[in-house]
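Below is the file work38.pdb, which contains PDB, C-alpha atoms and all ligand atoms.
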ATOM      1  CA  MET A 240     -14.342  15.681  -8.256
ATOM      2  CA  LYS A 241     -13.515  15.035  -4.603
ATOM      3  CA  SER A 242     -10.048  16.460  -4.118
ATOM      4  CA  GLN A 243      -9.635  16.309  -0.347
ATOM      5  CA  VAL A 244      -7.477  13.508   0.993
ATOM      6  CA  ASN A 245      -7.773  12.417   4.625
ATOM      7  CA  TYR A 246      -4.057  11.976   5.263
ATOM      8  CA  LEU A 247      -4.499  10.013   8.497
ATOM      9  CA  ASP A 248      -6.618   7.347   6.846
ATOM     10  CA  MET A 249      -4.571   7.423   3.680
ATOM     11  CA  SER A 250      -1.346   6.939   5.682
ATOM     12  CA  ALA A 251      -2.762   3.809   7.276
ATOM     13  CA  GLN A 252      -3.963   2.460   3.938
ATOM     14  CA  ILE A 253      -0.765   3.237   2.068
ATOM     15  CA  HIS A 254       1.275   1.625   4.860
ATOM     16  CA  HIS A 255      -0.711  -1.528   4.184
ATOM     17  CA  VAL A 256       0.415  -1.397   0.532
ATOM     18  CA  THR A 257       4.023  -0.482   1.235
ATOM     19  CA  GLU A 258       4.652  -2.632   4.322
ATOM     20  CA  PRO A 259       6.929  -5.235   2.650
ATOM     21  CA  ALA A 260       9.089  -2.519   1.041
ATOM     22  CA  VAL A 261       9.414  -0.458   4.219
ATOM     23  CA  ARG A 262      10.089  -3.530   6.332
ATOM     24  CA  SER A 263      12.839  -4.522   3.843
ATOM     25  CA  ALA A 264      14.331  -1.045   4.192
ATOM     26  CA  ILE A 265      14.300  -1.387   7.988
ATOM     27  CA  GLN A 266      15.924  -4.811   7.678
ATOM     28  CA  ALA A 267      18.684  -3.400   5.457
ATOM     29  CA  LEU A 268      19.791  -1.158   8.337
ATOM     30  CA  GLN A 269      20.472  -4.182  10.573
ATOM     31  CA  LEU A 270      19.514  -2.256  13.699
ATOM     32  CA  PRO A 271      20.849  -4.076  16.759
ATOM     33  CA  ALA A 272      18.394  -6.008  18.927
ATOM     34  CA  GLY A 273      17.855  -4.179  22.203
ATOM     35  CA  SER A 274      18.769  -0.778  20.724
ATOM     36  CA  CYS A 275      16.828   2.445  21.307
ATOM     37  CA  GLY A 276      15.893   4.632  18.384
ATOM     38  CA  LEU A 277      14.006   7.721  17.332
ATOM     39  CA  ASP A 278      11.296   7.923  14.663
ATOM     40  CA  ALA A 279      11.271  11.644  13.862
ATOM     41  CA  GLY A 280       8.044  12.740  12.181
ATOM     42  CA  CYS A 281       6.450   9.427  13.104
ATOM     43  CA  GLY A 282       3.005  10.253  11.692
ATOM     44  CA  ILE A 283       0.470   7.623  12.726
ATOM     45  CA  GLY A 284       3.194   5.443  14.268
ATOM     46  CA  THR A 285       3.152   2.455  11.919
ATOM     47  CA  HIS A 286       6.867   2.570  11.156
ATOM     48  CA  ALA A 287       7.656   2.964  14.869
ATOM     49  CA  LEU A 288       5.977  -0.389  15.512
ATOM     50  CA  TRP A 289       7.856  -2.083  12.664
ATOM     51  CA  LEU A 290      11.105  -0.561  13.957
ATOM     52  CA  ALA A 291      10.308  -1.760  17.489
ATOM     53  CA  GLU A 292       9.777  -5.252  16.101
ATOM     54  CA  ALA A 293      13.131  -5.047  14.310
ATOM     55  CA  VAL A 294      14.978  -4.242  17.559
ATOM     56  CA  SER A 295      13.140  -6.829  19.649
ATOM     57  CA  PRO A 296      13.743  -8.265  22.089
ATOM     58  CA  GLY A 297      14.249  -5.412  24.440
ATOM     59  CA  GLY A 298      14.595  -2.389  22.193
ATOM     60  CA  HIS A 299      12.592   0.812  22.271
ATOM     61  CA  VAL A 300      11.394   3.408  19.754
ATOM     62  CA  THR A 301      10.444   6.981  20.597
ATOM     63  CA  GLY A 302       8.215   8.614  18.011
ATOM     64  CA  ILE A 303       7.928  12.364  17.825
ATOM     65  CA  ASP A 304       5.660  14.455  15.663
ATOM     66  CA  ILE A 305       4.525  18.050  15.440
ATOM     67  CA  SER A 306       0.898  16.983  15.000
ATOM     68  CA  ARG A 307      -1.031  16.019  18.132
ATOM     69  CA  GLU A 308      -3.688  14.442  15.915
ATOM     70  CA  TYR A 309      -1.133  12.061  14.390
ATOM     71  CA  LEU A 310       0.311  11.321  17.837
ATOM     72  CA  ALA A 311      -3.137  10.435  19.177
ATOM     73  CA  ARG A 312      -3.551   7.942  16.319
ATOM     74  CA  SER A 313      -0.057   6.531  17.041
ATOM     75  CA  GLU A 314      -0.950   5.952  20.685
ATOM     76  CA  GLU A 315      -4.277   4.381  19.803
ATOM     77  CA  THR A 316      -2.611   1.958  17.362
ATOM     78  CA  ALA A 317       0.171   1.090  19.820
ATOM     79  CA  SER A 318      -2.349   0.360  22.578
ATOM     80  CA  LYS A 319      -3.733  -2.459  20.429
ATOM     81  CA  SER A 320      -0.284  -3.886  19.700
ATOM     82  CA  ALA A 321       1.818  -6.472  21.496
ATOM     83  CA  LEU A 322       4.708  -4.008  21.121
ATOM     84  CA  GLU A 323       3.008  -1.272  23.165
ATOM     85  CA  SER A 324       5.684  -1.252  25.876
ATOM     86  CA  GLN A 325       8.439  -0.855  23.267
ATOM     87  CA  VAL A 326       7.152   2.398  21.784
ATOM     88  CA  SER A 327       6.390   5.803  23.215
ATOM     89  CA  TYR A 328       5.309   9.009  21.552
ATOM     90  CA  GLN A 329       5.810  12.637  22.349
ATOM     91  CA  HIS A 330       5.157  16.001  20.833
ATOM     92  CA  GLY A 331       8.194  17.693  19.329
ATOM     93  CA  ASP A 332       9.720  19.583  16.444
ATOM     94  CA  MET A 333      12.315  17.852  14.276
ATOM     95  CA  GLY A 334      14.093  21.166  13.897
ATOM     96  CA  ASP A 335      14.725  21.394  17.629
ATOM     97  CA  LEU A 336      14.548  17.881  19.018
ATOM     98  CA  PRO A 337      13.700  17.734  22.737
ATOM     99  CA  PHE A 338      16.561  15.309  23.435
ATOM    100  CA  ASP A 339      20.146  15.517  24.659
ATOM    101  CA  ASP A 340      23.096  14.885  22.362
ATOM    102  CA  ASP A 341      23.762  11.141  21.808
ATOM    103  CA  ALA A 342      20.377  10.168  23.310
ATOM    104  CA  PHE A 343      19.643   7.373  20.795
ATOM    105  CA  ASP A 344      21.400   4.443  19.147
ATOM    106  CA  TRP A 345      19.875   5.383  15.783
ATOM    107  CA  ALA A 346      17.309   7.676  14.143
ATOM    108  CA  TRP A 347      14.711   6.985  11.423
ATOM    109  CA  ASN A 348      12.940   9.611   9.408
ATOM    110  CA  ALA A 349      10.378   8.747   6.748
ATOM    111  CA  ASP A 350       8.768  11.070   4.228
ATOM    112  CA  THR A 351       9.255  14.190   6.294
ATOM    113  CA  LEU A 352      12.245  15.930   4.719
ATOM    114  CA  TRP A 353      10.389  17.335   1.727
ATOM    115  CA  PRO A 354      11.586  20.934   1.208
ATOM    116  CA  VAL A 355       8.127  22.511   1.456
ATOM    117  CA  GLY A 356       8.379  26.241   0.822
ATOM    118  CA  GLY A 357      12.021  25.809  -0.186
ATOM    119  CA  LYS A 358      12.942  24.820   3.381
ATOM    120  CA  ASP A 359      16.407  23.283   3.426
ATOM    121  CA  PRO A 360      16.299  19.748   4.910
ATOM    122  CA  ARG A 361      20.007  19.712   5.746
ATOM    123  CA  PRO A 362      19.761  21.395   9.192
ATOM    124  CA  LEU A 363      17.167  18.726  10.095
ATOM    125  CA  VAL A 364      19.626  15.976   9.155
ATOM    126  CA  ARG A 365      22.253  17.615  11.347
ATOM    127  CA  GLU A 366      19.734  17.745  14.193
ATOM    128  CA  LEU A 367      19.033  14.012  13.778
ATOM    129  CA  ALA A 368      22.775  13.310  13.829
ATOM    130  CA  ARG A 369      23.144  15.354  17.016
ATOM    131  CA  VAL A 370      20.862  13.050  19.023
ATOM    132  CA  VAL A 371      22.456   9.800  17.777
ATOM    133  CA  LYS A 372      25.468   8.246  19.483
ATOM    134  CA  PRO A 373      28.764   7.992  17.595
ATOM    135  CA  GLY A 374      28.648   4.964  15.301
ATOM    136  CA  GLY A 375      24.838   4.990  15.185
ATOM    137  CA  ILE A 376      22.758   5.187  12.016
ATOM    138  CA  VAL A 377      20.728   8.126  10.720
ATOM    139  CA  ALA A 378      18.277   6.837   8.103
ATOM    140  CA  ILE A 379      16.063   8.805   5.742
ATOM    141  CA  LEU A 380      13.330   7.067   3.747
ATOM    142  CA  LEU A 381      11.499   8.876   0.952
ATOM    143  CA  TRP A 382       8.740   7.910  -1.529
ATOM    144  CA  SER A 383      10.787   8.314  -4.717
ATOM    145  CA  SER A 384       8.633   7.197  -7.671
ATOM    146  CA  GLN A 385       5.575   5.320  -8.799
ATOM    147  CA  LYS A 386       3.947   3.677 -11.806
ATOM    148  CA  LEU A 387       0.234   3.476 -11.060
ATOM    149  CA  LEU A 388      -1.547   3.646 -14.435
ATOM    150  CA  PRO A 389      -0.647   0.457 -16.356
ATOM    151  CA  GLY A 390      -1.692   0.767 -19.997
ATOM    152  CA  TYR A 391      -1.576   4.580 -19.984
ATOM    153  CA  PRO A 392       2.137   5.480 -19.974
ATOM    154  CA  LEU A 393       1.754   8.760 -21.874
ATOM    155  CA  LEU A 394      -1.159   9.972 -19.770
ATOM    156  CA  GLU A 395       0.750   9.053 -16.616
ATOM    157  CA  ALA A 396       3.859  10.833 -17.949
ATOM    158  CA  ARG A 397       1.842  13.989 -18.706
ATOM    159  CA  LEU A 398       0.199  13.938 -15.276
ATOM    160  CA  ASN A 399       3.618  13.430 -13.718
ATOM    161  CA  ALA A 400       4.999  16.387 -15.672
ATOM    162  CA  THR A 401       2.831  18.796 -13.663
ATOM    163  CA  CYS A 402       3.931  20.948 -10.717
ATOM    164  CA  ALA A 403       1.074  19.371  -8.748
ATOM    165  CA  ALA A 404       2.636  15.916  -9.089
ATOM    166  CA  ASN A 405       6.099  17.158  -8.201
ATOM    167  CA  PHE A 406       5.153  19.205  -5.148
ATOM    168  CA  PRO A 407       7.085  20.748  -3.418
ATOM    169  CA  TYR A 408       9.511  20.991  -6.353
ATOM    170  CA  ALA A 409       9.187  23.536  -9.126
ATOM    171  CA  ASP A 410      11.418  24.943 -11.825
ATOM    172  CA  GLY A 411      13.920  27.003  -9.901
ATOM    173  CA  THR A 412      13.973  24.862  -6.745
ATOM    174  CA  ARG A 413      17.605  24.468  -5.781
ATOM    175  CA  PRO A 414      18.740  21.081  -7.177
ATOM    176  CA  GLU A 415      20.508  20.155  -3.942
ATOM    177  CA  LEU A 416      17.141  20.140  -2.170
ATOM    178  CA  HIS A 417      15.848  17.263  -4.309
ATOM    179  CA  ILE A 418      15.345  14.011  -2.377
ATOM    180  CA  LEU A 419      17.651  12.095  -4.700
ATOM    181  CA  ARG A 420      20.447  14.386  -3.483
ATOM    182  CA  ALA A 421      20.046  13.020   0.063
ATOM    183  CA  LEU A 422      23.467  11.346  -0.034
ATOM    184  CA  GLY A 423      24.841  14.891  -0.082
ATOM    185  CA  TRP A 424      22.620  15.854   2.867
ATOM    186  CA  LEU A 425      24.134  12.995   4.876
ATOM    187  CA  GLN A 426      27.656  13.878   3.836
ATOM    188  CA  GLN A 427      27.191  17.548   4.692
ATOM    189  CA  ALA A 428      25.826  16.555   8.112
ATOM    190  CA  GLY A 429      29.190  14.860   8.712
ATOM    191  CA  LEU A 430      27.836  11.308   8.527
ATOM    192  CA  ASP A 431      30.224   8.530   7.556
ATOM    193  CA  GLU A 432      29.647   5.864   4.900
ATOM    194  CA  PRO A 433      26.585   7.444   3.219
ATOM    195  CA  GLN A 434      24.589   4.755   1.428
ATOM    196  CA  ALA A 435      21.483   4.631  -0.741
ATOM    197  CA  ARG A 436      19.168   1.835  -1.815
ATOM    198  CA  THR A 437      15.721   1.719  -3.390
ATOM    199  CA  PHE A 438      12.960  -0.677  -2.345
ATOM    200  CA  VAL A 439       9.913  -1.528  -4.417
ATOM    201  CA  ALA A 440       6.383  -1.944  -3.158
ATOM    202  CA  ASP A 441       4.760  -4.279  -5.698
ATOM    203  CA  ILE A 442       1.009  -3.852  -5.990
ATOM    204  CA  ARG A 443      -1.199  -6.356  -7.778
ATOM    205  CA  ALA A 444      -4.810  -7.392  -8.044
ATOM    206  CA  PRO A 445      -6.834  -8.575  -6.254
ATOM    207  CA  LEU A 446      -6.678  -5.473  -4.080
ATOM    208  CA  ASP A 447      -8.340  -5.391  -0.689
ATOM    209  CA  ASP A 448     -10.259  -2.348   0.566
ATOM    210  CA  ALA A 449      -7.226  -0.842   2.320
ATOM    211  CA  ALA A 450      -5.091  -1.066  -0.826
ATOM    212  CA  ARG A 451      -7.883   0.432  -2.923
ATOM    213  CA  GLY A 452      -8.267   3.263  -0.422
ATOM    214  CA  GLY A 453      -4.540   3.920  -0.276
ATOM    215  CA  LEU A 454      -4.160   3.979  -4.040
ATOM    216  CA  THR A 455      -7.271   6.086  -4.600
ATOM    217  CA  GLY A 456      -5.858   8.569  -2.082
ATOM    218  CA  SER A 457      -2.514   8.464  -3.859
ATOM    219  CA  PHE A 458      -4.136   9.294  -7.221
ATOM    220  CA  GLN A 459      -5.664  12.359  -5.582
ATOM    221  CA  MET A 460      -2.510  13.308  -3.701
ATOM    222  CA  LEU A 461      -0.385  13.112  -6.865
ATOM    223  CA  TRP A 462      -2.688  14.360  -9.593
ATOM    224  CA  GLY A 463      -5.871  15.682  -7.945
ATOM    225  CA  LYS A 464      -4.736  19.292  -8.346
ATOM    226  CA  ALA A 465      -3.295  18.926 -11.854
ATOM    227  CA  GLU A 466      -6.383  20.117 -13.771
ATOM    228  CA  PRO A 467      -5.030  23.604 -14.657
ATOM    229  CA  GLU A 468      -1.852  22.032 -16.051
ATOM    230  CA  VAL A 469      -3.287  19.360 -18.361
ATOM    231  CA  THR A 470      -5.648  19.386 -21.330
ATOM    232  CA  PRO A 471      -9.391  18.910 -20.737
ATOM    233  CA  GLN A 472      -9.036  15.561 -22.535
ATOM    234  CA  ASP A 473      -6.329  14.368 -20.146
ATOM    235  CA  TRP A 474      -8.301  15.606 -17.158
ATOM    236  CA  ALA A 475     -11.327  13.619 -18.350
ATOM    237  CA  ARG A 476      -9.096  10.541 -18.834
ATOM    238  CA  PHE A 477      -7.684  10.973 -15.321
ATOM    239  CA  GLN A 478     -11.183  11.137 -13.848
ATOM    240  CA  ARG A 479     -12.351   8.138 -15.875
ATOM    241  CA  LEU A 480      -9.425   6.002 -14.690
ATOM    242  CA  CYS A 481      -8.893   7.241 -11.152
ATOM    243  CA  GLN A 482     -12.352   7.772  -9.697
ATOM    244  CA  PRO A 483     -13.855   4.797  -7.845
ATOM    245  CA  GLU A 484     -17.328   5.659  -9.196
ATOM    246  CA  SER A 485     -16.170   5.371 -12.809
ATOM    247  CA  PRO A 486     -16.981   2.170 -14.724
ATOM    248  CA  ASP A 487     -13.386   2.309 -16.022
ATOM    249  CA  PHE A 488     -11.756   2.735 -12.593
ATOM    250  CA  ILE A 489      -8.285   1.333 -13.143
ATOM    251  CA  LEU A 490      -8.183  -0.524  -9.826
ATOM    252  CA  ASN A 491     -10.991  -2.749 -11.117
ATOM    253  CA  LEU A 492      -8.638  -4.298 -13.702
ATOM    254  CA  PRO A 493      -8.448  -7.985 -12.851
ATOM    255  CA  ASN A 494      -4.710  -8.009 -13.544
ATOM    256  CA  TYR A 495      -3.851  -4.576 -12.171
ATOM    257  CA  TYR A 496      -0.129  -4.268 -11.428
ATOM    258  CA  ALA A 497       1.697  -1.164 -10.235
ATOM    259  CA  PHE A 498       4.551  -0.153  -7.987
ATOM    260  CA  ILE A 499       5.814   2.542  -5.666
ATOM    261  CA  THR A 500       9.476   2.936  -4.806
ATOM    262  CA  TYR A 501      10.985   4.090  -1.557
ATOM    263  CA  SER A 502      14.598   5.233  -1.458
ATOM    264  CA  LEU A 503      16.566   4.776   1.722
ATOM    265  CA  PHE A 504      19.582   6.948   2.517
ATOM    266  CA  TRP A 505      21.661   6.272   5.576
ATOM    267  CA  GLY A 506      24.977   7.014   7.190
ATOM    268  CA  ARG A 507      26.777   6.661  10.515
ATOM    269  CA  VAL A 508      27.503   9.338  13.052
ATOM    270  CA  ALA A 509      31.264   9.824  13.091
ATOM    271  CA  SER A 510      32.976   8.057  15.976
TER     272      SER A 510
HETATM  273  C1  LIG B   1       4.094  12.462   5.241
HETATM  274  S1  LIG B   1       4.012  12.274   6.989
HETATM  275  C2  LIG B   1       5.090  10.898   7.240
HETATM  276  C3  LIG B   1       4.770  10.175   8.501
HETATM  277  C4  LIG B   1       5.537   8.896   8.744
HETATM  278  N1  LIG B   1       6.950   9.122   8.952
HETATM  279  C5  LIG B   1       5.345   7.936   7.614
HETATM  280  O1  LIG B   1       6.257   7.717   6.823
HETATM  281  O2  LIG B   1       4.250   7.429   7.483
HETATM  282  C6  LIG B   1       4.990  13.630   7.578
HETATM  283  C7  LIG B   1       4.917  13.747   9.083
HETATM  284  O3  LIG B   1       5.882  14.679   9.532
HETATM  285  C8  LIG B   1       5.303  15.451  10.564
HETATM  286  N2  LIG B   1       6.065  16.706  10.657
HETATM  287  C9  LIG B   1       6.129  17.701   9.772
HETATM  288  N3  LIG B   1       6.944  18.680  10.199
HETATM  289  C10 LIG B   1       7.422  18.271  11.401
HETATM  290  C11 LIG B   1       8.312  18.849  12.352
HETATM  291  N4  LIG B   1       8.878  20.050  12.137
HETATM  292  N5  LIG B   1       8.580  18.166  13.454
HETATM  293  C12 LIG B   1       8.013  16.958  13.698
HETATM  294  N6  LIG B   1       7.148  16.367  12.830
HETATM  295  C13 LIG B   1       6.863  17.012  11.702
HETATM  296  C14 LIG B   1       3.857  15.626  10.135
HETATM  297  O4  LIG B   1       3.018  15.988  11.202
HETATM  298  C15 LIG B   1       3.566  14.223   9.604
HETATM  299  O5  LIG B   1       3.121  13.354  10.601
END
Take the structure I supplied and represent it as structure tokens, if you would.
Amino acid sequence: MKSQVNYLDMSAQIHHVTEPAVRSAIQALQLPAGSCGLDAGCGIGTHALWLAEAVSPGGHVTGIDISREYLARSEETASKSALESQVSYQHGDMGDLPFDDDAFDWAWNADTLWPVGGKDPRPLVRELARVVKPGGIVAILLWSSQKLLPGYPLLEARLNATCAANFPYADGTRPELHILRALGWLQQAGLDEPQARTFVADIRAPLDDAARGGLTGSFQMLWGKAEPEVTPQDWARFQRLCQPESPDFILNLPNYYAFITYSLFWGRVAS
């Protein structure tokens, strides 16, 4: 089975699926029109454009990422957008942001604070807070759950019970590093009024090619390495339902319905 996921393409396709949920999360922050923000770990730059739209007219979003490949895709996408002049991208490390204190009105950070290798995300939250002006928002968005196999709740539960599906978490990972503890991360970074809210990306047939690509990539990302942790029968069921070549590919269901949730955590830099 093909187990490699092209994360650049998958990001674009999954953004297509999750756009209403992420845009609702951006809206919930009520970012002021004309404000200037940071998208730290901007990936392919899709969120930066949605953020720039949210602060129009007149606002600006700076995206930074450690990957030059992702930045090149961000710039290419922006060049085709009416919002091109409201976004800019630069290379940088979230752990040591190349900006002065209080440089931005707010900061956004999506799906980048996963504690890979047990790395503590809390210093990164403090670094985000450092570059935001007093009173400004630091927002963290994280993919927090999904139900993607309608009709197969036990199979989905068993696949989800694997280490592969819960990467980078394992038994023994410090509980305070779990994403659903992010209110604590905000509080420990000294942010005021920590808040949390979950947004749902509803997914239903008919699915266009981008949605099919994004979901097929998600099946692989979540469960594509789970084979050693499940029974041969479950692995065969996973392949039957989640491979596009299979006659029983679940995305071919005429009434396919699924969802992904994104949880938003935000707080204000103390005045
Ligand atoms: C899962 S992607 C999320 C991208 C984007 N925020 C989104 O939600 O689509 C994680 C991104 O974080 C970037 N990244 C990882 N570590 C980083 C670091 N130390 N500094 C800056 N970017 C980093 C990766 O290159 C990648 O683009």
Residues of chain A that approach ligand LIG 1 (chain B) to 7 Å or less, counting all atoms listed in the file: could you list each one with the shortest pair of atoms and its distance in Å to one decimal, rows by chain and increasing residue number, as a Markdown table?
| residue | atom | partner | partner_atom | distance |
| --- | --- | --- | --- | --- |
| A:Ser250 | CA | B:LIG1 | O2 | 5.9 |
| A:Ala279 | CA | B:LIG1 | C12 | 6.2 |
| A:Gly280 | CA | B:LIG1 | N6 | 3.8 |
| A:Cys281 | CA | B:LIG1 | N1 | 4.2 |
| A:Gly282 | CA | B:LIG1 | O5 | 3.3 |
| A:Ile283 | CA | B:LIG1 | O2 | 6.5 |
| A:Gly284 | CA | B:LIG1 | C4 | 6.9 |
| A:Thr285 | CA | B:LIG1 | O2 | 6.8 |
| A:His286 | CA | B:LIG1 | C5 | 6.6 |
| A:Ile303 | CA | B:LIG1 | C12 | 6.2 |
| A:Asp304 | CA | B:LIG1 | N6 | 3.7 |
| A:Ile305 | CA | B:LIG1 | C12 | 4.0 |
| A:Ser306 | CA | B:LIG1 | O4 | 4.5 |
| A:Tyr309 | CA | B:LIG1 | O5 | 5.8 |
| A:Gly331 | CA | B:LIG1 | C12 | 5.7 |
| A:Asp332 | CA | B:LIG1 | N5 | 3.5 |
| A:Met333 | CA | B:LIG1 | N5 | 3.8 |
| A:Gly334 | CA | B:LIG1 | N4 | 5.6 |
| A:Asn348 | CA | B:LIG1 | N1 | 6.0 |
| A:Ala349 | CA | B:LIG1 | N1 | 4.1 |
| A:Asp350 | CA | B:LIG1 | C2 | 4.8 |
| A:Thr351 | CA | B:LIG1 | C6 | 4.5 |
Enter the distance from atom CA of Asp339 of chain A to atom CA of Val364 of chain A, in Å, rounded to one decimal.
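Straight-line distance from atom CA of Asp339 of chain A to atom CA of Val364 of chain A works out to 15.5 Å.
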Tell me, in Å to one decimal, how far atom CA of Gly411 of chain A is from atom CA of Lys358 of chain A.
13.5 Å
Atom CA of Leu388 of chain A and atom CA of Arg451 of chain A are how many Å apart?
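We find that atom CA of Leu388 of chain A and atom CA of Arg451 of chain A lie 13.5 Å from each other.
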Which residues would end up in the selection if the PyMOL selection byres (((chain A and resi 441) around 8) and not hetatm) were applied here, given that I need the answer as a list in words?
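In the shown coordinates, the PyMOL selection byres (((chain A and resi 441) around 8) and not hetatm) covers Thr257, Val439, Ala440, Ile442, Arg443, Tyr496, Ala497, Phe498 and Ile499 of chain A.
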If I put a ball of radius 10 Å at (-6.0, 11.8, 14.4) in the file's coordinates, which residues poke into it when counting only C-alpha atoms, written as number ranges by chain?
A: 245-248, 282-283, 306-315
Give me the result of the PyMOL selection byres (((chain A and resi 369) around 12) and not hetatm) on this file, residue by residue, as a ChimeraX atom specification.
/A:277,333-346,362-368,370-377,428-430,507-509
Polymer residues at most 12 Å from segment 469-471 of chain A, all atoms listed in the file, same-chain spacing of 3 or more positions, as a PyMOL selection string
chain A and resi 394-404+462-466+474-478
Evaluate the PyMOL selection byres (((chain A and resi 287-293) around 9) and not hetatm) here and jot the selected residues down as a count of residues only.
36
Could you give me, as a list in words, the residues that have an atom at most 10 Å away from the point (-6.7, 2.4, 1.3) in the coordinates of the file, using all atoms listed in the file?
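Protein, DNA and RNA residues close to (-6.7, 2.4, 1.3): Asp248, Met249, Ser250, Ala251, Gln252, Ile253, His254, His255, Val256, Leu446, Asp447, Asp448, Ala449, Ala450, Arg451, Gly452, Gly453, Leu454, Thr455, Gly456 and Ser457 of chain A.
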Those residues with C-alpha atoms, as an mmCIF file, in the frame of the given file please?
data_model
loop_
_atom_site.group_PDB
_atom_site.id
_atom_site.type_symbol
_atom_site.label_atom_id
_atom_site.label_comp_id
_atom_site.auth_asym_id
_atom_site.auth_seq_id
_atom_site.Cartn_x
_atom_site.Cartn_y
_atom_site.Cartn_z
ATOM 1 C CA ASP A 248 -6.618 7.347 6.846
ATOM 2 C CA MET A 249 -4.571 7.423 3.680
ATOM 3 C CA SER A 250 -1.346 6.939 5.682
ATOM 4 C CA ALA A 251 -2.762 3.809 7.276
ATOM 5 C CA GLN A 252 -3.963 2.460 3.938
ATOM 6 C CA ILE A 253 -0.765 3.237 2.068
ATOM 7 C CA HIS A 254 1.275 1.625 4.860
ATOM 8 C CA HIS A 255 -0.711 -1.528 4.184
ATOM 9 C CA VAL A 256 0.415 -1.397 0.532
ATOM 10 C CA LEU A 446 -6.678 -5.473 -4.080
ATOM 11 C CA ASP A 447 -8.340 -5.391 -0.689
ATOM 12 C CA ASP A 448 -10.259 -2.348 0.566
ATOM 13 C CA ALA A 449 -7.226 -0.842 2.320
ATOM 14 C CA ALA A 450 -5.091 -1.066 -0.826
ATOM 15 C CA ARG A 451 -7.883 0.432 -2.923
ATOM 16 C CA GLY A 452 -8.267 3.263 -0.422
ATOM 17 C CA GLY A 453 -4.540 3.920 -0.276
ATOM 18 C CA LEU A 454 -4.160 3.979 -4.040
ATOM 19 C CA THR A 455 -7.271 6.086 -4.600
ATOM 20 C CA GLY A 456 -5.858 8.569 -2.082
ATOM 21 C CA SER A 457 -2.514 8.464 -3.859
#
Leaving out Trp382 of chain A and any residue of its chain fewer than 5 positions from it, which residues lie within 7 Å of it when counting all atoms listed in the file, given as a PyMOL selection string?
chain A and resi 350+500-502
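Each of A:Leu419, A:Leu393, A:Leu387, A:Arg361 was compared to Thr437 of chain A using all atoms listed in the file, and A:Leu419 turns out to be the nearest.
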Among the residues A:Leu380, A:Gly356, A:Ala267, A:Phe504, the one that comes closest to Gly423 of chain A [using all atoms listed in the file]:
A:Phe504
Listed atoms of segment 377-394 of chain A, axis-aligned box, 8 Å per side: centre and edge lengths to one decimal in Å, as JSON?
{"center_x": 9.5, "center_y": 5.2, "center_z": -5.6, "size_x": 38.4, "size_y": 25.5, "size_z": 48.6}
Have a look at A:Arg479, A:Trp353, A:Pro360, A:Gln329 and name the one nearest to Trp424 of chain A; count only C-alpha atoms.
A:Pro360
